[in-house]
Amino acid sequence: MAKINESLFSAEGLDKRLNLTQFNKVMMTEYWIPKDINFLWAMGVVLASTFMILIVSGIFLMMYYKPDTALAFDSVNYTIMQEVGFGWLFRHMHGVAASVVFLIIYIHMFTGLYYGSYKKGREMIWISGMLLFVTFSAAGFSGYMLPWGQMSYWAAAVITNLFSGGSLHADFLVEWIRGGYSVGDATLTRFFMLHVFLMPIIILGIIVLHFYTLRIPHVNNQESDDIDFDAEAEKYLAGNKKESKVIPFWPVFLSKDFAILGAFLIFYFYLVFFNYEFAMDPVNFDPADPMVTPAHIYPEWYFLWSYEVLRGFFFDIAGMSAMDIGLIAFAFAQVIFMIVPFIDRDPDILPAFKRPRFNIWFWVLMFDLVVLSVYGKLPPTGMNAWIGFFATLTFLGLFAIFPFITKADAKARGAL
Amino acid sequence: MREFKILGVLVFFTALLYIGVEPFAHSQMHAHVEAPEYDFKDADGVDKALVGNAQNGAALVQANCIACHSITKAGFAPMMDDATSAASYGVVPPDLSTAGTMYDPHFLAAFIKNPAKATKTEHKFEDGAVHPMPSYDWMKPQEIADMVAYLKSIAPKTMTNKEVFNDACNRCHSMKYDGMKIITDGPNGVRKEGVKARSDVSKYMGKTPPDLSQYIRSRSESYLHEFINDPQKHLAGTAMPRVGLTEKAENQVIKYMEEIGEVKKPEREALAPKFLAYLLIFTIFAFLWKAKIWREVH
């Protein structure tokens, strides 16, 4: 180790010990981002900020929340909402952010899909991002149980029951997850642990990984132009800022992010104050009652599309029970986005508007996901069941043809 | 411009999804019922043209009602304590001091004539079971009008929201969050105390009627109005009686539910503009700063 004589308590001394100048260059002032981007590129910073809102509001809520089936409901709806100063604000912020964060995750994810930012060097960004989607889902589900309202209880009962695997009858697994034969106090306390400790720690770790996977391959751009980052960076540093195709993360990229973050926060706080029922379901303001099943049980909006894939098959086919087929389709839906980089057979990185067949595929998928979400909430009876069934088939079919469509695009372009 | 086009696509899909899973889905899930009707036209009361005589009514009420009902306002104390009363009748008969204020007179007349029919709970009283209050349909319409006139004459002109809730709802429904205290006594005992229902009616109603502390959040205001006005519309077969509240009294009940269940609503509404104004200023400055920085690179 090189001996350092400068005092720790001087800028120079601190820099010599921690190499902050270099660190600042690598992470901020010489972390190069393409210039040709639009506001969709700000979603990462919007997500990081929303996650911070969740952490901070969650810490305040945890000071008064009581993970006990006899106390949970009143600790949330009375103590936090009525007695604690601004407790209602933190609860609304937490509940709405937990819902809005998924809107931004979906935008972020489909931006990556649209611009082809998941392949040929960017696979790790995509995979770590999908892991974040999975862990956020787990955090969302475990958190939804905590207020111990009717929807908390019944969603927990329905979802934990899925782990029995239909006709596999893995009831021991369901029991192990619940900590009992039915959803009860043991279930609540363990999901509390998952929600406030294990999931946040895992998420924080994967966020760091996600940022790291991004640093080397760099962010994609609107035209999926293959940029020589070193050459462009040299231009920028030499003062040819206008000609260079890149900008530094700080301050240029972040200045745009902050502006968009501001606009997002106006939208978010409007929801916090005026339109929160989509995120804080009225049914959950009835205390949990194992003896009374609510008329309609549905998950939060961001799980609806996969929930509909689960129940889309509502009749037995060739001796296989509807439940089993549904579970297989559901499992397929959970992993299929993860492996998109490997079933895309187009060797080029291009945005959808330069891949005609993929472009159609993408927008059909968007509409199908909306249809699945809407019919995932509606009662699955009569016509609704059939629309849900065909939307599920469309979803599965889209991924079945995905390798061929991507290959056909490449062939038509002469790349294969 | 490209960014606005992208924003348009984003707004379109977000709005489509929102409308589909919120207003549209909820309109499909919840039955649409007729609007509340405060004249109680279907109630079998007495001819509205009959003018009641409060003095005659006083004599009739004393002869027919106070054996079971107290009217503390007029000096008639309860005959028995609540427990004995509940054991004798199955349910504690209500005090009649405020009936004339809260209940619609036409409904009140129909109720006196046939309580089960007026409250739409006849399905509860089959196979020999009878409503604890006998029907007075043997009386002359004029006599019933007189009794209603008497009840109106002794009733207070105005009642607070809480008084209406206490007299109209609190006999069956508790309101825990009104003055709730979470009391921990002993090593593992936790008691939560607030306004309790005035009697244990679980036996009479079939189950303990729900606590209403959070009903202002769990039910929409229009649902509450429709339900209180006529519970059978939304919940056919429910044991909850139609109580015949006037529109004003019903509004007071819901206002009280909001005062207890949504204590922080005024604070929320006062804080919102400040928050949004701050963020608007932040965003304007952020865009100005962005424009300044990007001028160098574009």
# chains A, B, ... in the order shown; residues from 1 in each chain; ligands from 1

$ residues_around --residues "Ile104 (chain A)" --least-positions-apart "6" --cutoff "8 Å" --atoms "only C-alpha atoms" --output "list in words"
Met43, Val46 and Leu47 of chain A

$ interface_residues --of "chain B" --to "chain A" --cutoff "7 Å" --atoms "only C-alpha atoms" --output "PyMOL selection string"
chain B and resi 3+17+20-22+25+29+177+214+217-219+263-264+268+272+276+279-280+282-283+286-287+289-290+293-294+296-298

$ write_last_selection --atoms "C-alpha atoms" --output "compact mmCIF listing (two decimals), in the first residue's frame"
# COMPACT_ATOMS: atom_id res chain seq x y z
CA GLU B 3 -41.54 12.77 -27.90
CA LEU B 17 -55.92 -0.17 -19.22
CA GLY B 20 -60.82 -1.23 -18.45
CA VAL B 21 -59.76 -2.41 -15.01
CA GLU B 22 -61.31 0.37 -12.94
CA ALA B 25 -64.72 -3.61 -14.59
CA MET B 29 -69.12 -6.30 -11.14
CA TYR B 177 -63.00 4.26 15.73
CA GLN B 214 -64.21 2.07 7.77
CA ARG B 217 -63.66 3.79 2.64
CA SER B 218 -64.91 0.30 1.85
CA ARG B 219 -68.20 1.36 0.26
CA VAL B 263 -60.66 11.99 9.98
CA LYS B 264 -57.82 13.28 7.85
CA ARG B 268 -55.52 15.77 2.86
CA ALA B 272 -52.78 18.65 -1.84
CA LEU B 276 -48.70 20.02 -6.29
CA LEU B 279 -43.81 20.13 -7.60
CA LEU B 280 -45.00 22.31 -10.46
CA PHE B 282 -39.74 22.24 -9.21
CA THR B 283 -40.64 20.84 -12.63
CA ALA B 286 -35.97 21.42 -13.84
CA PHE B 287 -37.06 21.90 -17.45
CA TRP B 289 -32.14 23.82 -16.26
CA LYS B 290 -32.38 20.92 -18.71
CA ILE B 293 -27.60 22.23 -20.25
CA TRP B 294 -28.80 20.72 -23.53
CA GLU B 296 -24.55 23.17 -25.23
CA VAL B 297 -24.90 19.72 -26.79
CA HIS B 298 -27.52 20.29 -29.45

$ select_by_dssp --residues "region 115-173 of chain A" --states "helix (DSSP H, G or I)" --output "number ranges by chain"
A: 123-145, 150-164, 166-168, 171-173

$ write_last_selection --atoms "N, CA and C atoms" --output "CSV table (one decimal), in the first residue's frame"
chain,number,residue,atom,x,y,z
A,123,GLU,N,-27.9,-8.8,-22.8
A,123,GLU,CA,-28.7,-9.9,-22.2
A,123,GLU,C,-28.8,-9.7,-20.7
A,124,MET,N,-27.6,-9.4,-20.1
A,124,MET,CA,-27.6,-9.4,-18.6
A,124,MET,C,-28.4,-8.2,-18.0
A,125,ILE,N,-28.5,-7.1,-18.8
A,125,ILE,CA,-29.3,-6.0,-18.4
A,125,ILE,C,-30.8,-6.5,-18.3
A,126,TRP,N,-31.2,-7.2,-19.4
A,126,TRP,CA,-32.6,-7.7,-19.5
A,126,TRP,C,-32.9,-8.7,-18.4
A,127,ILE,N,-31.9,-9.6,-18.2
A,127,ILE,CA,-32.2,-10.7,-17.2
A,127,ILE,C,-32.3,-10.1,-15.8
A,128,SER,N,-31.3,-9.2,-15.5
A,128,SER,CA,-31.3,-8.6,-14.1
A,128,SER,C,-32.6,-7.8,-14.0
A,129,GLY,N,-33.0,-7.1,-15.0
A,129,GLY,CA,-34.3,-6.3,-15.0
A,129,GLY,C,-35.5,-7.2,-14.7
A,130,MET,N,-35.5,-8.4,-15.4
A,130,MET,CA,-36.6,-9.3,-15.2
A,130,MET,C,-36.6,-9.9,-13.8
A,131,LEU,N,-35.4,-10.1,-13.2
A,131,LEU,CA,-35.3,-10.5,-11.8
A,131,LEU,C,-35.9,-9.4,-10.9
A,132,LEU,N,-35.7,-8.2,-11.3
A,132,LEU,CA,-36.2,-7.1,-10.5
A,132,LEU,C,-37.8,-7.1,-10.6
A,133,PHE,N,-38.3,-7.5,-11.8
A,133,PHE,CA,-39.7,-7.6,-11.9
A,133,PHE,C,-40.3,-8.7,-11.0
A,134,VAL,N,-39.6,-9.8,-10.9
A,134,VAL,CA,-40.0,-10.9,-10.1
A,134,VAL,C,-40.0,-10.5,-8.6
A,135,THR,N,-38.9,-9.9,-8.2
A,135,THR,CA,-38.7,-9.6,-6.8
A,135,THR,C,-39.7,-8.4,-6.4
A,136,PHE,N,-39.9,-7.5,-7.3
A,136,PHE,CA,-40.9,-6.5,-7.0
A,136,PHE,C,-42.3,-7.1,-6.8
A,137,SER,N,-42.6,-8.1,-7.7
A,137,SER,CA,-43.9,-8.8,-7.6
A,137,SER,C,-44.0,-9.4,-6.2
A,138,ALA,N,-42.9,-10.1,-5.8
A,138,ALA,CA,-43.0,-10.8,-4.5
A,138,ALA,C,-43.1,-9.7,-3.4
A,139,ALA,N,-42.4,-8.6,-3.5
A,139,ALA,CA,-42.6,-7.5,-2.5
A,139,ALA,C,-44.0,-7.0,-2.5
A,140,GLY,N,-44.5,-6.8,-3.7
A,140,GLY,CA,-45.9,-6.3,-3.8
A,140,GLY,C,-46.9,-7.2,-3.2
A,141,PHE,N,-46.8,-8.5,-3.5
A,141,PHE,CA,-47.7,-9.5,-3.0
A,141,PHE,C,-47.6,-9.6,-1.5
A,142,SER,N,-46.4,-9.6,-0.9
A,142,SER,CA,-46.3,-9.8,0.5
A,142,SER,C,-46.8,-8.5,1.2
A,143,GLY,N,-46.5,-7.4,0.6
A,143,GLY,CA,-47.0,-6.1,1.3
A,143,GLY,C,-48.5,-6.0,1.3
A,144,TYR,N,-49.1,-6.5,0.2
A,144,TYR,CA,-50.6,-6.4,0.1
A,144,TYR,C,-51.3,-7.1,1.2
A,145,MET,N,-50.6,-8.1,1.8
A,145,MET,CA,-51.2,-8.9,2.9
A,145,MET,C,-51.3,-8.1,4.2
A,150,GLN,N,-59.9,-7.8,3.8
A,150,GLN,CA,-60.6,-8.9,3.1
A,150,GLN,C,-59.7,-9.3,1.9
A,151,MET,N,-59.3,-8.3,1.1
A,151,MET,CA,-58.6,-8.7,-0.1
A,151,MET,C,-57.2,-9.2,0.2
A,152,SER,N,-56.6,-8.7,1.3
A,152,SER,CA,-55.3,-9.2,1.8
A,152,SER,C,-55.4,-10.7,2.0
A,153,TYR,N,-56.4,-11.0,2.8
A,153,TYR,CA,-56.6,-12.4,3.2
A,153,TYR,C,-56.9,-13.3,2.1
A,154,TRP,N,-57.9,-12.9,1.2
A,154,TRP,CA,-58.3,-13.8,0.2
A,154,TRP,C,-57.3,-14.0,-1.0
A,155,ALA,N,-56.6,-12.9,-1.3
A,155,ALA,CA,-55.6,-12.9,-2.3
A,155,ALA,C,-54.5,-13.9,-1.8
A,156,ALA,N,-54.1,-13.8,-0.5
A,156,ALA,CA,-53.1,-14.6,0.1
A,156,ALA,C,-53.6,-16.1,0.0
A,157,ALA,N,-54.8,-16.3,0.3
A,157,ALA,CA,-55.4,-17.7,0.3
A,157,ALA,C,-55.3,-18.3,-1.1
A,158,VAL,N,-55.7,-17.5,-2.1
A,158,VAL,CA,-55.8,-18.0,-3.5
A,158,VAL,C,-54.4,-18.2,-4.0
A,159,ILE,N,-53.5,-17.2,-3.8
A,159,ILE,CA,-52.2,-17.3,-4.4
A,159,ILE,C,-51.3,-18.4,-3.8
A,160,THR,N,-51.3,-18.5,-2.4
A,160,THR,CA,-50.5,-19.5,-1.8
A,160,THR,C,-51.0,-20.9,-2.2
A,161,ASN,N,-52.3,-21.0,-2.4
A,161,ASN,CA,-52.8,-22.3,-2.8
A,161,ASN,C,-52.3,-22.8,-4.2
A,162,LEU,N,-51.8,-21.8,-5.0
A,162,LEU,CA,-51.3,-22.2,-6.3
A,162,LEU,C,-50.1,-23.1,-6.2
A,163,PHE,N,-49.4,-23.0,-5.1
A,163,PHE,CA,-48.2,-23.8,-4.9
A,163,PHE,C,-48.5,-25.3,-4.7
A,164,SER,N,-49.8,-25.7,-4.6
A,164,SER,CA,-50.1,-27.1,-4.5
A,164,SER,C,-49.9,-27.7,-5.9
A,166,GLY,N,-51.9,-27.9,-8.6
A,166,GLY,CA,-53.0,-28.6,-9.2
A,166,GLY,C,-53.1,-30.0,-8.8
A,167,SER,N,-53.0,-30.9,-9.8
A,167,SER,CA,-53.2,-32.3,-9.4
A,167,SER,C,-51.9,-33.0,-8.9
A,168,LEU,N,-50.9,-32.2,-8.8
A,168,LEU,CA,-49.7,-32.7,-8.0
A,168,LEU,C,-50.0,-32.8,-6.5
A,171,ASP,N,-49.7,-30.4,-1.2
A,171,ASP,CA,-50.3,-29.6,-0.1
A,171,ASP,C,-49.3,-29.3,1.0
A,172,PHE,N,-48.3,-30.1,1.1
A,172,PHE,CA,-47.2,-29.9,2.2
A,172,PHE,C,-46.5,-28.5,1.9
A,173,LEU,N,-46.4,-28.2,0.6
A,173,LEU,CA,-45.7,-27.0,0.2
A,173,LEU,C,-46.6,-25.8,0.6

$ atom_distance --atom1 "CA of His69 (chain B)" --atom2 "CA of Asp104 (chain B)"
19.0 Å

$ atom_distance --atom1 "CA of Thr406 (chain A)" --atom2 "CA of Asp36 (chain A)"
24.7 Å

$ atom_distance --atom1 "CA of Val91 (chain B)" --atom2 "CA of Glu126 (chain B)"
17.6 Å

$ closest_atom_pairs --of "region 92-185 of chain B" --to "region 191-204 of chain B" --cutoff "7 Å" --atoms "only C-alpha atoms" --output "Markdown table"
| residue | atom | partner | partner_atom | distance |
| --- | --- | --- | --- | --- |
| B:Asn170 | CA | B:Ala197 | CA | 5.2 |
| B:Arg171 | CA | B:Arg198 | CA | 4.9 |
| B:Cys172 | CA | B:Ala197 | CA | 5.4 |
| B:His173 | CA | B:Ala197 | CA | 5.1 |
| B:Ser174 | CA | B:Ala197 | CA | 4.2 |
| B:Met175 | CA | B:Val195 | CA | 5.1 |
| B:Lys176 | CA | B:Gly194 | CA | 4.2 |
| B:Tyr177 | CA | B:Gly194 | CA | 5.9 |
| B:Asp178 | CA | B:Gly194 | CA | 5.7 |
| B:Gly179 | CA | B:Gly194 | CA | 5.1 |
| B:Met180 | CA | B:Gly194 | CA | 4.0 |
| B:Lys181 | CA | B:Glu193 | CA | 5.2 |
| B:Ile182 | CA | B:Lys192 | CA | 4.5 |
| B:Ile183 | CA | B:Arg191 | CA | 5.1 |
| B:Thr184 | CA | B:Arg191 | CA | 6.1 |

$ residues_around --residues "Val130 (chain B)" --least-positions-apart "5" --cutoff "12 Å" --atoms "only C-alpha atoms" --output "VMD selection string"
chain B and resid 89 to 90 114 to 117 121 to 125 135 204

$ write_last_selection --atoms "C-alpha atoms" --output "PDB file, in the first residue's frame"
ATOM      1  CA  TYR B  89     -88.396  -9.243  23.557  1.00  0.00           C
ATOM      2  CA  GLY B  90     -85.405 -10.685  21.745  1.00  0.00           C
ATOM      3  CA  ASN B 114     -96.817  -3.647   9.986  1.00  0.00           C
ATOM      4  CA  PRO B 115     -93.137  -3.451  11.054  1.00  0.00           C
ATOM      5  CA  ALA B 116     -91.887  -6.487   9.131  1.00  0.00           C
ATOM      6  CA  LYS B 117     -93.531  -5.354   5.911  1.00  0.00           C
ATOM      7  CA  THR B 121     -87.811  -8.136   6.542  1.00  0.00           C
ATOM      8  CA  GLU B 122     -90.831 -10.411   6.221  1.00  0.00           C
ATOM      9  CA  HIS B 123     -88.502 -13.174   4.992  1.00  0.00           C
ATOM     10  CA  LYS B 124     -87.067 -13.290   8.511  1.00  0.00           C
ATOM     11  CA  PHE B 125     -90.407 -13.901  10.162  1.00  0.00           C
ATOM     12  CA  SER B 135     -98.602  -4.915  13.941  1.00  0.00           C
ATOM     13  CA  TYR B 204     -81.590 -11.534  16.721  1.00  0.00           C
TER      14      TYR B 204
END

$ residues_around --residues "Pro200 (chain A)" --least-positions-apart "3" --cutoff "9 Å" --atoms "only C-alpha atoms" --output "list in words"
Ile55, Thr135, Phe136, Ala139, Leu194, His195, Val196, Phe197, Ile203, Leu204 and Gly205 of chain A

$ select_by_dssp --residues "region 45-285 of chain B" --states "strand (DSSP E or B)" --output "list of chain:residue names"
B:Ile71, B:Phe76, B:Tyr103, B:Met175, B:Lys181, B:Ile182, B:Ile183, B:Thr184, B:Val190, B:Arg191, B:Lys192, B:Glu193, B:Val195, B:Leu245

$ closest_residue --among "A:Met52, A:Ile59, A:Ile387, A:Leu113" --to "Asn359 (chain A)" --atoms "only C-alpha atoms"
A:Leu113
